[in-house]
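First comes the structure, then the notes that go with it.
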Amino acid sequence: MEYTTLNNGMKMPMLGFGVFQVPDAAVCEQAVLDAIASGYRLIDTAAAYMNEEAVGAAIAKCGVPREDLFLTTKLWVQDASYEGAKAAVERSLKKLGTDYLDLYLIHQPMGDYYGAYRAMEELLAEGKLKAIGVCNFYPHILTDFCETVDVKPAVNQVELHPFFQQENALSVMKEYGVTPEAWGPFAEGNHGIFTHPVLSKIGEKYGKTAAQVALRWNIQRGVVVIPKSIHKERMEQNMNVWDFTLSADDMAEIAALDLGHSEIVDHSNPEFVKMLHGLKVHD
């Protein structure tokens with residue numbers, strides 16, 4: 001495993017395990033157990049995934065010391081306020097069965113996310129949160145945020161894959177010392193990514209799959225990746241990306257795949273924003 005160093009000096013694994021869209025408790029718990037057994041130490045969940053308790057159950061059973069795991073969860077839109085964030089962190093800590101979080105992220109730049117972040121800064125000072133950051137903060141939003149807050153976000157988790165590469169976003173993150181993390185590093189299966197001819201051809205040179213090439217490409221850009229799978233053999237395959245390096249020509253070929261926009265979600269769509277505000281994760 002390779003690690004990146006966050007802007008507060010913490011070490012974060014470059015490859016982790018995500019549990020988005022694994023709401024079934026038993027399936028999620030087993031998947032996290034399998035991931036940890038396969039060598040994953042970064043586990044990424046969120047209040048909105050409705051599976052924090054299952055993740056917590058797996059962590060309690062896995063046999064790996066808590067201090068050897070890097071646990072991330074996220075603040076939902078419903079709780080985006082100063083008091084809301086304080087309560088949400090306590091709720092997540094209880095569900096996850098831990099007394100601290102390695103990384104806590106604002107899930108969407110919606111609601112009073114500045115007030116929420118002030119609460120997160122206080123919890124960071126108290127030690128309940130070891131690092132704080134954001135998700136889905138596009139360049140103009142991240143710039144305004146970094147120019148305003150006291151503690152620069154350690155991480156910005158955004159959509160990053162060969163078909164939506166966001167070089168401008170990466171440049172802004174680098175300027176402010178924010179580590180990029182990719183959600184959907186496999187483009188949620190779109191564009192035939194697992195059999196894509198360009199990625200497959202590059203992979204053949206190294207005895208690797210298209211999926212492994214896609215992960216390695218992001219890692220070489222300095223991006224933390226959190227692929228999801230409920231199949232142990234796929235988890236192990238995703239982890240096996242440390243024994244090869246893509247050439248400059250390989251990177252250039254992949255760069256040419258960029259569409260320049262997302263085909264998964266449009267965060268600027270008012271109906272999407274309304275939908276997120278209407279999604280409640282607790283009473």
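A note on labels: chains of the structure tokens are A, B, ... as shown, every chain counts residues from 1, and ligands are counted from 1 in their shown order.
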
Give me the residues near stretch 131-139 of chain A as a PDB file with all heavy atoms, in the first residue's frame, where near means some atom within 9 Å (using only C-alpha atoms) and where sequence neighbours in that chain fewer than 6 positions away do not count.
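Printed below is selection-v8.pdb as written:
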ATOM      1  N   LEU A   6      -1.605  14.054   4.143  1.00  0.00           N
ATOM      2  CA  LEU A   6      -2.580  15.151   4.118  1.00  0.00           C
ATOM      3  C   LEU A   6      -1.939  16.442   4.618  1.00  0.00           C
ATOM      4  O   LEU A   6      -0.847  16.433   5.191  1.00  0.00           O
ATOM      5  CB  LEU A   6      -3.789  14.788   4.982  1.00  0.00           C
ATOM      6  CG  LEU A   6      -4.529  13.496   4.605  1.00  0.00           C
ATOM      7  CD1 LEU A   6      -5.714  13.271   5.539  1.00  0.00           C
ATOM      8  CD2 LEU A   6      -4.991  13.527   3.152  1.00  0.00           C
ATOM      9  N   ASN A   8      -2.413  18.132   7.087  1.00  0.00           N
ATOM     10  CA  ASN A   8      -2.196  18.216   8.536  1.00  0.00           C
ATOM     11  C   ASN A   8      -1.134  17.221   9.012  1.00  0.00           C
ATOM     12  O   ASN A   8      -0.948  17.030  10.211  1.00  0.00           O
ATOM     13  CB  ASN A   8      -3.504  17.985   9.298  1.00  0.00           C
ATOM     14  CG  ASN A   8      -4.056  16.571   9.093  1.00  0.00           C
ATOM     15  OD1 ASN A   8      -3.509  15.790   8.308  1.00  0.00           O
ATOM     16  ND2 ASN A   8      -5.124  16.253   9.790  1.00  0.00           N
ATOM     17  N   MET A  10      -1.174  13.913   8.506  1.00  0.00           N
ATOM     18  CA  MET A  10      -1.676  12.536   8.598  1.00  0.00           C
ATOM     19  C   MET A  10      -1.372  11.738   7.337  1.00  0.00           C
ATOM     20  O   MET A  10      -1.386  12.282   6.234  1.00  0.00           O
ATOM     21  CB  MET A  10      -3.203  12.532   8.800  1.00  0.00           C
ATOM     22  CG  MET A  10      -3.656  12.672  10.221  1.00  0.00           C
ATOM     23  SD  MET A  10      -5.465  12.606  10.300  1.00  0.00           S
ATOM     24  CE  MET A  10      -5.790  10.892   9.893  1.00  0.00           C
ATOM     25  N   LYS A  74     -19.450  10.916   6.434  1.00  0.00           N
ATOM     26  CA  LYS A  74     -19.800  12.212   5.852  1.00  0.00           C
ATOM     27  C   LYS A  74     -21.070  12.808   6.460  1.00  0.00           C
ATOM     28  O   LYS A  74     -21.992  12.077   6.846  1.00  0.00           O
ATOM     29  CB  LYS A  74     -19.994  12.057   4.332  1.00  0.00           C
ATOM     30  CG  LYS A  74     -18.843  11.354   3.631  1.00  0.00           C
ATOM     31  CD  LYS A  74     -19.064  11.237   2.140  1.00  0.00           C
ATOM     32  CE  LYS A  74     -18.032  10.322   1.513  1.00  0.00           C
ATOM     33  NZ  LYS A  74     -18.331   8.894   1.720  1.00  0.00           N
ATOM     34  N   LEU A 101     -13.099   9.801  14.427  1.00  0.00           N
ATOM     35  CA  LEU A 101     -13.119   9.538  12.993  1.00  0.00           C
ATOM     36  C   LEU A 101     -11.822  10.039  12.394  1.00  0.00           C
ATOM     37  O   LEU A 101     -11.352  11.131  12.732  1.00  0.00           O
ATOM     38  CB  LEU A 101     -14.300  10.248  12.322  1.00  0.00           C
ATOM     39  CG  LEU A 101     -15.687   9.785  12.772  1.00  0.00           C
ATOM     40  CD1 LEU A 101     -16.748  10.774  12.340  1.00  0.00           C
ATOM     41  CD2 LEU A 101     -15.986   8.396  12.205  1.00  0.00           C
ATOM     42  N   ASP A 102     -11.238   9.259  11.501  1.00  0.00           N
ATOM     43  CA  ASP A 102      -9.996   9.684  10.864  1.00  0.00           C
ATOM     44  C   ASP A 102     -10.244  10.825   9.887  1.00  0.00           C
ATOM     45  O   ASP A 102      -9.412  11.725   9.747  1.00  0.00           O
ATOM     46  CB  ASP A 102      -9.354   8.501  10.141  1.00  0.00           C
ATOM     47  CG  ASP A 102      -8.967   7.408  11.127  1.00  0.00           C
ATOM     48  OD1 ASP A 102      -7.892   7.526  11.739  1.00  0.00           O
ATOM     49  OD2 ASP A 102      -9.770   6.473  11.319  1.00  0.00           O
ATOM     50  N   LEU A 103     -11.398  10.793   9.213  1.00  0.00           N
ATOM     51  CA  LEU A 103     -11.734  11.842   8.255  1.00  0.00           C
ATOM     52  C   LEU A 103     -13.251  12.037   8.234  1.00  0.00           C
ATOM     53  O   LEU A 103     -13.999  11.058   8.133  1.00  0.00           O
ATOM     54  CB  LEU A 103     -11.232  11.459   6.850  1.00  0.00           C
ATOM     55  CG  LEU A 103     -11.531  12.431   5.713  1.00  0.00           C
ATOM     56  CD1 LEU A 103     -10.842  13.777   5.937  1.00  0.00           C
ATOM     57  CD2 LEU A 103     -11.072  11.825   4.379  1.00  0.00           C
ATOM     58  N   TYR A 104     -13.673  13.285   8.351  1.00  0.00           N
ATOM     59  CA  TYR A 104     -15.099  13.607   8.292  1.00  0.00           C
ATOM     60  C   TYR A 104     -15.287  14.642   7.192  1.00  0.00           C
ATOM     61  O   TYR A 104     -14.603  15.679   7.177  1.00  0.00           O
ATOM     62  CB  TYR A 104     -15.581  14.155   9.632  1.00  0.00           C
ATOM     63  CG  TYR A 104     -17.082  14.230   9.767  1.00  0.00           C
ATOM     64  CD1 TYR A 104     -17.856  13.076   9.804  1.00  0.00           C
ATOM     65  CD2 TYR A 104     -17.744  15.462   9.874  1.00  0.00           C
ATOM     66  CE1 TYR A 104     -19.238  13.132   9.933  1.00  0.00           C
ATOM     67  CE2 TYR A 104     -19.117  15.528  10.009  1.00  0.00           C
ATOM     68  CZ  TYR A 104     -19.863  14.360  10.031  1.00  0.00           C
ATOM     69  OH  TYR A 104     -21.237  14.426  10.164  1.00  0.00           O
ATOM     70  N   LEU A 105     -16.211  14.357   6.281  1.00  0.00           N
ATOM     71  CA  LEU A 105     -16.397  15.184   5.094  1.00  0.00           C
ATOM     72  C   LEU A 105     -17.802  15.768   5.016  1.00  0.00           C
ATOM     73  O   LEU A 105     -18.777  15.102   5.362  1.00  0.00           O
ATOM     74  CB  LEU A 105     -16.167  14.340   3.829  1.00  0.00           C
ATOM     75  CG  LEU A 105     -14.813  13.625   3.695  1.00  0.00           C
ATOM     76  CD1 LEU A 105     -14.815  12.730   2.460  1.00  0.00           C
ATOM     77  CD2 LEU A 105     -13.679  14.626   3.629  1.00  0.00           C
ATOM     78  N   ILE A 106     -17.913  17.007   4.551  1.00  0.00           N
ATOM     79  CA  ILE A 106     -19.210  17.574   4.165  1.00  0.00           C
ATOM     80  C   ILE A 106     -19.584  16.923   2.834  1.00  0.00           C
ATOM     81  O   ILE A 106     -18.829  17.003   1.861  1.00  0.00           O
ATOM     82  CB  ILE A 106     -19.121  19.107   4.021  1.00  0.00           C
ATOM     83  CG1 ILE A 106     -18.855  19.740   5.385  1.00  0.00           C
ATOM     84  CG2 ILE A 106     -20.403  19.659   3.402  1.00  0.00           C
ATOM     85  CD1 ILE A 106     -18.628  21.252   5.321  1.00  0.00           C
ATOM     86  N   HIS A 107     -20.737  16.276   2.780  1.00  0.00           N
ATOM     87  CA  HIS A 107     -21.088  15.451   1.620  1.00  0.00           C
ATOM     88  C   HIS A 107     -21.445  16.281   0.390  1.00  0.00           C
ATOM     89  O   HIS A 107     -21.141  15.891  -0.740  1.00  0.00           O
ATOM     90  CB  HIS A 107     -22.257  14.531   1.989  1.00  0.00           C
ATOM     91  CG  HIS A 107     -22.301  13.263   1.202  1.00  0.00           C
ATOM     92  ND1 HIS A 107     -22.808  12.084   1.704  1.00  0.00           N
ATOM     93  CD2 HIS A 107     -21.909  12.965  -0.058  1.00  0.00           C
ATOM     94  CE1 HIS A 107     -22.721  11.132   0.783  1.00  0.00           C
ATOM     95  NE2 HIS A 107     -22.180  11.648  -0.290  1.00  0.00           N
ATOM     96  N   GLN A 108     -22.111  17.406   0.607  1.00  0.00           N
ATOM     97  CA  GLN A 108     -22.517  18.279  -0.501  1.00  0.00           C
ATOM     98  C   GLN A 108     -22.401  19.737  -0.056  1.00  0.00           C
ATOM     99  O   GLN A 108     -22.695  20.045   1.096  1.00  0.00           O
ATOM    100  CB  GLN A 108     -23.979  18.015  -0.907  1.00  0.00           C
ATOM    101  CG  GLN A 108     -24.293  16.605  -1.360  1.00  0.00           C
ATOM    102  CD  GLN A 108     -23.822  16.307  -2.763  1.00  0.00           C
ATOM    103  OE1 GLN A 108     -23.434  17.193  -3.516  1.00  0.00           O
ATOM    104  NE2 GLN A 108     -23.858  15.034  -3.142  1.00  0.00           N
ATOM    105  N   PRO A 109     -22.015  20.652  -0.947  1.00  0.00           N
ATOM    106  CA  PRO A 109     -21.970  22.077  -0.594  1.00  0.00           C
ATOM    107  C   PRO A 109     -23.366  22.693  -0.617  1.00  0.00           C
ATOM    108  O   PRO A 109     -23.696  23.513  -1.471  1.00  0.00           O
ATOM    109  CB  PRO A 109     -21.057  22.678  -1.668  1.00  0.00           C
ATOM    110  CG  PRO A 109     -21.282  21.811  -2.866  1.00  0.00           C
ATOM    111  CD  PRO A 109     -21.534  20.417  -2.325  1.00  0.00           C
ATOM    112  N   TYR A 117     -18.996  23.449   9.065  1.00  0.00           N
ATOM    113  CA  TYR A 117     -17.533  23.315   9.072  1.00  0.00           C
ATOM    114  C   TYR A 117     -16.913  23.952  10.310  1.00  0.00           C
ATOM    115  O   TYR A 117     -15.913  23.458  10.830  1.00  0.00           O
ATOM    116  CB  TYR A 117     -16.951  23.932   7.794  1.00  0.00           C
ATOM    117  CG  TYR A 117     -15.555  23.449   7.476  1.00  0.00           C
ATOM    118  CD1 TYR A 117     -15.338  22.203   6.909  1.00  0.00           C
ATOM    119  CD2 TYR A 117     -14.446  24.258   7.717  1.00  0.00           C
ATOM    120  CE1 TYR A 117     -14.058  21.763   6.601  1.00  0.00           C
ATOM    121  CE2 TYR A 117     -13.160  23.836   7.413  1.00  0.00           C
ATOM    122  CZ  TYR A 117     -12.976  22.578   6.850  1.00  0.00           C
ATOM    123  OH  TYR A 117     -11.699  22.143   6.549  1.00  0.00           O
ATOM    124  N   MET A 120     -17.055  21.387  12.781  1.00  0.00           N
ATOM    125  CA  MET A 120     -16.053  20.366  12.478  1.00  0.00           C
ATOM    126  C   MET A 120     -14.649  20.827  12.888  1.00  0.00           C
ATOM    127  O   MET A 120     -13.847  20.039  13.386  1.00  0.00           O
ATOM    128  CB  MET A 120     -16.098  20.018  10.985  1.00  0.00           C
ATOM    129  CG  MET A 120     -17.357  19.245  10.590  1.00  0.00           C
ATOM    130  SD  MET A 120     -17.728  19.265   8.807  1.00  0.00           S
ATOM    131  CE  MET A 120     -16.255  18.524   8.107  1.00  0.00           C
ATOM    132  N   GLU A 121     -14.367  22.110  12.701  1.00  0.00           N
ATOM    133  CA  GLU A 121     -13.077  22.654  13.143  1.00  0.00           C
ATOM    134  C   GLU A 121     -12.924  22.515  14.662  1.00  0.00           C
ATOM    135  O   GLU A 121     -11.840  22.175  15.164  1.00  0.00           O
ATOM    136  CB  GLU A 121     -12.953  24.118  12.735  1.00  0.00           C
ATOM    137  CG  GLU A 121     -12.753  24.323  11.232  1.00  0.00           C
ATOM    138  CD  GLU A 121     -12.763  25.786  10.815  1.00  0.00           C
ATOM    139  OE1 GLU A 121     -13.429  26.604  11.493  1.00  0.00           O
ATOM    140  OE2 GLU A 121     -12.108  26.114   9.814  1.00  0.00           O
ATOM    141  N   LEU A 124     -12.348  18.904  15.474  1.00  0.00           N
ATOM    142  CA  LEU A 124     -10.974  18.588  15.098  1.00  0.00           C
ATOM    143  C   LEU A 124     -10.024  18.974  16.237  1.00  0.00           C
ATOM    144  O   LEU A 124      -9.150  18.187  16.623  1.00  0.00           O
ATOM    145  CB  LEU A 124     -10.608  19.351  13.827  1.00  0.00           C
ATOM    146  CG  LEU A 124      -9.198  19.164  13.275  1.00  0.00           C
ATOM    147  CD1 LEU A 124      -9.019  17.774  12.679  1.00  0.00           C
ATOM    148  CD2 LEU A 124      -8.891  20.232  12.216  1.00  0.00           C
ATOM    149  N   PHE A 145     -14.335  28.590  -0.477  1.00  0.00           N
ATOM    150  CA  PHE A 145     -14.276  27.928   0.824  1.00  0.00           C
ATOM    151  C   PHE A 145     -12.885  28.059   1.444  1.00  0.00           C
ATOM    152  O   PHE A 145     -12.734  28.461   2.606  1.00  0.00           O
ATOM    153  CB  PHE A 145     -14.662  26.451   0.657  1.00  0.00           C
ATOM    154  CG  PHE A 145     -15.039  25.752   1.930  1.00  0.00           C
ATOM    155  CD1 PHE A 145     -16.237  26.025   2.559  1.00  0.00           C
ATOM    156  CD2 PHE A 145     -14.197  24.802   2.488  1.00  0.00           C
ATOM    157  CE1 PHE A 145     -16.605  25.365   3.727  1.00  0.00           C
ATOM    158  CE2 PHE A 145     -14.552  24.144   3.653  1.00  0.00           C
ATOM    159  CZ  PHE A 145     -15.759  24.432   4.278  1.00  0.00           C
ATOM    160  N   VAL A 151      -9.366  26.332   8.776  1.00  0.00           N
ATOM    161  CA  VAL A 151      -8.625  25.095   8.513  1.00  0.00           C
ATOM    162  C   VAL A 151      -8.914  24.643   7.089  1.00  0.00           C
ATOM    163  O   VAL A 151     -10.055  24.314   6.758  1.00  0.00           O
ATOM    164  CB  VAL A 151      -9.033  23.978   9.509  1.00  0.00           C
ATOM    165  CG1 VAL A 151      -8.293  22.685   9.198  1.00  0.00           C
ATOM    166  CG2 VAL A 151      -8.770  24.412  10.942  1.00  0.00           C
ATOM    167  N   LYS A 152      -7.905  24.627   6.260  1.00  0.00           N
ATOM    168  CA  LYS A 152      -8.103  24.190   4.873  1.00  0.00           C
ATOM    169  C   LYS A 152      -8.555  22.725   4.866  1.00  0.00           C
ATOM    170  O   LYS A 152      -8.041  21.899   5.622  1.00  0.00           O
ATOM    171  CB  LYS A 152      -6.801  24.317   4.080  1.00  0.00           C
ATOM    172  CG  LYS A 152      -6.259  25.744   3.947  1.00  0.00           C
ATOM    173  CD  LYS A 152      -7.067  26.564   2.969  1.00  0.00           C
ATOM    174  CE  LYS A 152      -6.386  27.898   2.672  1.00  0.00           C
ATOM    175  NZ  LYS A 152      -6.354  28.799   3.841  1.00  0.00           N
ATOM    176  N   PRO A 153      -9.515  22.383   4.004  1.00  0.00           N
ATOM    177  CA  PRO A 153      -9.941  20.979   3.920  1.00  0.00           C
ATOM    178  C   PRO A 153      -8.751  20.073   3.591  1.00  0.00           C
ATOM    179  O   PRO A 153      -7.906  20.434   2.762  1.00  0.00           O
ATOM    180  CB  PRO A 153     -10.953  20.979   2.768  1.00  0.00           C
ATOM    181  CG  PRO A 153     -11.360  22.404   2.583  1.00  0.00           C
ATOM    182  CD  PRO A 153     -10.213  23.241   3.042  1.00  0.00           C
ATOM    183  N   ALA A 154      -8.700  18.919   4.246  1.00  0.00           N
ATOM    184  CA  ALA A 154      -7.633  17.959   3.969  1.00  0.00           C
ATOM    185  C   ALA A 154      -7.889  17.221   2.665  1.00  0.00           C
ATOM    186  O   ALA A 154      -6.951  16.846   1.949  1.00  0.00           O
ATOM    187  CB  ALA A 154      -7.504  16.969   5.124  1.00  0.00           C
ATOM    188  N   VAL A 155      -9.174  17.009   2.350  1.00  0.00           N
ATOM    189  CA  VAL A 155      -9.579  16.173   1.210  1.00  0.00           C
ATOM    190  C   VAL A 155     -10.780  16.806   0.524  1.00  0.00           C
ATOM    191  O   VAL A 155     -11.635  17.422   1.182  1.00  0.00           O
ATOM    192  CB  VAL A 155      -9.951  14.744   1.703  1.00  0.00           C
ATOM    193  CG1 VAL A 155     -10.651  13.935   0.615  1.00  0.00           C
ATOM    194  CG2 VAL A 155      -8.711  14.005   2.212  1.00  0.00           C
ATOM    195  N   ASN A 156     -10.860  16.659  -0.795  1.00  0.00           N
ATOM    196  CA  ASN A 156     -12.071  16.953  -1.545  1.00  0.00           C
ATOM    197  C   ASN A 156     -12.398  15.717  -2.369  1.00  0.00           C
ATOM    198  O   ASN A 156     -11.643  15.347  -3.274  1.00  0.00           O
ATOM    199  CB  ASN A 156     -11.879  18.165  -2.461  1.00  0.00           C
ATOM    200  CG  ASN A 156     -13.159  18.589  -3.179  1.00  0.00           C
ATOM    201  OD1 ASN A 156     -14.265  18.214  -2.800  1.00  0.00           O
ATOM    202  ND2 ASN A 156     -13.010  19.387  -4.223  1.00  0.00           N
ATOM    203  N   GLN A 157     -13.491  15.045  -2.021  1.00  0.00           N
ATOM    204  CA  GLN A 157     -13.886  13.818  -2.720  1.00  0.00           C
ATOM    205  C   GLN A 157     -14.851  14.183  -3.835  1.00  0.00           C
ATOM    206  O   GLN A 157     -15.947  14.691  -3.584  1.00  0.00           O
ATOM    207  CB  GLN A 157     -14.534  12.841  -1.732  1.00  0.00           C
ATOM    208  CG  GLN A 157     -14.809  11.482  -2.345  1.00  0.00           C
ATOM    209  CD  GLN A 157     -15.491  10.525  -1.391  1.00  0.00           C
ATOM    210  OE1 GLN A 157     -16.588  10.040  -1.644  1.00  0.00           O
ATOM    211  NE2 GLN A 157     -14.841  10.255  -0.251  1.00  0.00           N
ATOM    212  N   VAL A 158     -14.432  13.952  -5.067  1.00  0.00           N
ATOM    213  CA  VAL A 158     -15.233  14.325  -6.232  1.00  0.00           C
ATOM    214  C   VAL A 158     -15.204  13.190  -7.259  1.00  0.00           C
ATOM    215  O   VAL A 158     -14.418  12.241  -7.149  1.00  0.00           O
ATOM    216  CB  VAL A 158     -14.706  15.631  -6.886  1.00  0.00           C
ATOM    217  CG1 VAL A 158     -14.810  16.804  -5.929  1.00  0.00           C
ATOM    218  CG2 VAL A 158     -13.265  15.474  -7.367  1.00  0.00           C
ATOM    219  N   GLU A 159     -16.034  13.313  -8.269  1.00  0.00           N
ATOM    220  CA  GLU A 159     -16.069  12.322  -9.343  1.00  0.00           C
ATOM    221  C   GLU A 159     -14.799  12.459 -10.194  1.00  0.00           C
ATOM    222  O   GLU A 159     -14.554  13.505 -10.785  1.00  0.00           O
ATOM    223  CB  GLU A 159     -17.320  12.536 -10.204  1.00  0.00           C
ATOM    224  CG  GLU A 159     -17.467  11.548 -11.337  1.00  0.00           C
ATOM    225  CD  GLU A 159     -18.652  11.863 -12.236  1.00  0.00           C
ATOM    226  OE1 GLU A 159     -19.482  12.726 -11.879  1.00  0.00           O
ATOM    227  OE2 GLU A 159     -18.736  11.256 -13.320  1.00  0.00           O
ATOM    228  N   ASN A 168      -8.690  20.798 -14.092  1.00  0.00           N
ATOM    229  CA  ASN A 168      -8.777  22.120 -13.460  1.00  0.00           C
ATOM    230  C   ASN A 168      -9.048  21.981 -11.970  1.00  0.00           C
ATOM    231  O   ASN A 168      -8.449  22.690 -11.140  1.00  0.00           O
ATOM    232  CB  ASN A 168      -9.881  22.963 -14.118  1.00  0.00           C
ATOM    233  CG  ASN A 168     -10.002  24.337 -13.492  1.00  0.00           C
ATOM    234  OD1 ASN A 168      -9.001  24.996 -13.209  1.00  0.00           O
ATOM    235  ND2 ASN A 168     -11.234  24.777 -13.249  1.00  0.00           N
ATOM    236  N   ALA A 169      -9.942  21.070 -11.598  1.00  0.00           N
ATOM    237  CA  ALA A 169     -10.241  20.841 -10.181  1.00  0.00           C
ATOM    238  C   ALA A 169      -8.986  20.372  -9.437  1.00  0.00           C
ATOM    239  O   ALA A 169      -8.709  20.820  -8.322  1.00  0.00           O
ATOM    240  CB  ALA A 169     -11.360  19.806 -10.041  1.00  0.00           C
ATOM    241  N   LEU A 170      -8.225  19.465 -10.063  1.00  0.00           N
ATOM    242  CA  LEU A 170      -7.001  18.978  -9.431  1.00  0.00           C
ATOM    243  C   LEU A 170      -6.000  20.109  -9.232  1.00  0.00           C
ATOM    244  O   LEU A 170      -5.305  20.170  -8.213  1.00  0.00           O
ATOM    245  CB  LEU A 170      -6.369  17.863 -10.263  1.00  0.00           C
ATOM    246  CG  LEU A 170      -7.155  16.560 -10.404  1.00  0.00           C
ATOM    247  CD1 LEU A 170      -6.318  15.520 -11.140  1.00  0.00           C
ATOM    248  CD2 LEU A 170      -7.579  16.014  -9.053  1.00  0.00           C
ATOM    249  N   SER A 171      -5.941  21.016 -10.188  1.00  0.00           N
ATOM    250  CA  SER A 171      -5.020  22.148 -10.092  1.00  0.00           C
ATOM    251  C   SER A 171      -5.382  23.055  -8.923  1.00  0.00           C
ATOM    252  O   SER A 171      -4.506  23.495  -8.163  1.00  0.00           O
ATOM    253  CB  SER A 171      -5.041  22.932 -11.408  1.00  0.00           C
ATOM    254  OG  SER A 171      -4.228  24.072 -11.312  1.00  0.00           O
ATOM    255  N   VAL A 172      -6.675  23.322  -8.751  1.00  0.00           N
ATOM    256  CA  VAL A 172      -7.128  24.169  -7.644  1.00  0.00           C
ATOM    257  C   VAL A 172      -6.856  23.474  -6.308  1.00  0.00           C
ATOM    258  O   VAL A 172      -6.394  24.093  -5.346  1.00  0.00           O
ATOM    259  CB  VAL A 172      -8.625  24.514  -7.791  1.00  0.00           C
ATOM    260  CG1 VAL A 172      -9.163  25.202  -6.543  1.00  0.00           C
ATOM    261  CG2 VAL A 172      -8.839  25.397  -9.013  1.00  0.00           C
ATOM    262  N   MET A 173      -7.124  22.176  -6.237  1.00  0.00           N
ATOM    263  CA  MET A 173      -6.850  21.434  -4.997  1.00  0.00           C
ATOM    264  C   MET A 173      -5.369  21.496  -4.647  1.00  0.00           C
ATOM    265  O   MET A 173      -4.998  21.710  -3.487  1.00  0.00           O
ATOM    266  CB  MET A 173      -7.303  19.978  -5.142  1.00  0.00           C
ATOM    267  CG  MET A 173      -8.817  19.802  -5.168  1.00  0.00           C
ATOM    268  SD  MET A 173      -9.268  18.040  -5.205  1.00  0.00           S
ATOM    269  CE  MET A 173     -10.516  18.049  -6.479  1.00  0.00           C
ATOM    270  N   VAL A 178      -5.092  20.580  -0.902  1.00  0.00           N
ATOM    271  CA  VAL A 178      -6.208  19.667  -0.653  1.00  0.00           C
ATOM    272  C   VAL A 178      -5.975  18.371  -1.445  1.00  0.00           C
ATOM    273  O   VAL A 178      -5.718  18.408  -2.650  1.00  0.00           O
ATOM    274  CB  VAL A 178      -7.545  20.307  -1.090  1.00  0.00           C
ATOM    275  CG1 VAL A 178      -8.711  19.352  -0.840  1.00  0.00           C
ATOM    276  CG2 VAL A 178      -7.768  21.636  -0.372  1.00  0.00           C
ATOM    277  N   GLU A 181      -9.736  12.966  -3.839  1.00  0.00           N
ATOM    278  CA  GLU A 181     -10.178  11.582  -3.654  1.00  0.00           C
ATOM    279  C   GLU A 181     -11.296  11.311  -4.642  1.00  0.00           C
ATOM    280  O   GLU A 181     -12.206  12.130  -4.789  1.00  0.00           O
ATOM    281  CB  GLU A 181     -10.656  11.362  -2.218  1.00  0.00           C
ATOM    282  CG  GLU A 181     -11.043   9.928  -1.908  1.00  0.00           C
ATOM    283  CD  GLU A 181     -11.432   9.716  -0.452  1.00  0.00           C
ATOM    284  OE1 GLU A 181     -11.739  10.700   0.250  1.00  0.00           O
ATOM    285  OE2 GLU A 181     -11.428   8.557  -0.008  1.00  0.00           O
ATOM    286  N   HIS A 267     -24.576  18.282 -10.712  1.00  0.00           N
ATOM    287  CA  HIS A 267     -24.778  18.982  -9.445  1.00  0.00           C
ATOM    288  C   HIS A 267     -25.375  20.374  -9.618  1.00  0.00           C
ATOM    289  O   HIS A 267     -25.822  20.977  -8.647  1.00  0.00           O
ATOM    290  CB  HIS A 267     -23.451  19.081  -8.684  1.00  0.00           C
ATOM    291  CG  HIS A 267     -23.028  17.803  -8.041  1.00  0.00           C
ATOM    292  ND1 HIS A 267     -22.197  16.891  -8.654  1.00  0.00           N
ATOM    293  CD2 HIS A 267     -23.340  17.262  -6.833  1.00  0.00           C
ATOM    294  CE1 HIS A 267     -22.007  15.856  -7.849  1.00  0.00           C
ATOM    295  NE2 HIS A 267     -22.690  16.044  -6.754  1.00  0.00           N
TER     296      HIS A 267
END

### Task
Compile the contact shell of A:Ala248 as a list of chain:residue names: residues with an atom at most 12 Å away, counting only C-alpha atoms, same-chain residues fewer than 2 positions apart removed.
A:Ile202, A:Trp217, A:Gln220, A:Arg221, A:Thr245, A:Leu246, A:Asp250, A:Met251, A:Ala252, A:Glu253, A:Ile254, A:Ala255

### Message
I need the residues in stretch 75-182 of chain A that are strand (DSSP E) according to DSSP; give them as a PyMOL selection string.
### Response
chain A and resi 75+103-106+132-135+155-159+179-182

### Task
Find the distance between atom CA of A:Arg234 and atom CA of A:Pro185 and write it in Å to one decimal.
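A separation of 14.2 Å between them.
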
#### Entry: Contacts of A:Tyr49 within 9 Å, only C-alpha atoms, excl. fewer than 5 positions in-chain, as an MDAnalysis selection string
chainID A and resid 19:23 281

#### Entry: Residue nearest A:Ala88 - candidates A:Leu123, A:Ile59, A:Ala54, A:Met239, atoms counted: only C-alpha atoms
A:Leu123

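Shell of A:Ser38 at 8 Å, with only C-alpha atoms counted and residues fewer than 5 places along the chain excluded, is Lys232, Met235, Glu236 and Met239 of chain A.
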
Preceding selection exported with C-alpha atoms as a PDB file, in the first residue's frame:
ATOM      1  CA  LYS A 232     -13.741 -10.616  -2.607  1.00  0.00           C
ATOM      2  CA  MET A 235     -11.498  -6.477  -4.072  1.00  0.00           C
ATOM      3  CA  GLU A 236      -8.203  -8.353  -4.269  1.00  0.00           C
ATOM      4  CA  MET A 239      -5.780  -3.890  -4.508  1.00  0.00           C
TER       5      MET A 239
END

### helix (DSSP H, G or I) per DSSP on the backbone: members of stretch 43-222 of chain A, as a PyMOL selection string
chain A and resi 47-49+52-61+66-68+77-79+82-96+113-126+139-148+167-176+187-195+197-206+210-220

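When only C-alpha atoms are used to measure the gap to A:Val224, the shortest distance among A:Gly84, A:Thr179, A:Ile36, A:Ala26 belongs to A:Thr179.
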
### Message
Let me make sure I understand: among A:Ala182, A:Ala210, A:Leu259, A:Met50, which one has the smallest atom-to-atom distance to A:Leu279 if we use only C-alpha atoms?
### Response
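Closest candidate: A:Met50.
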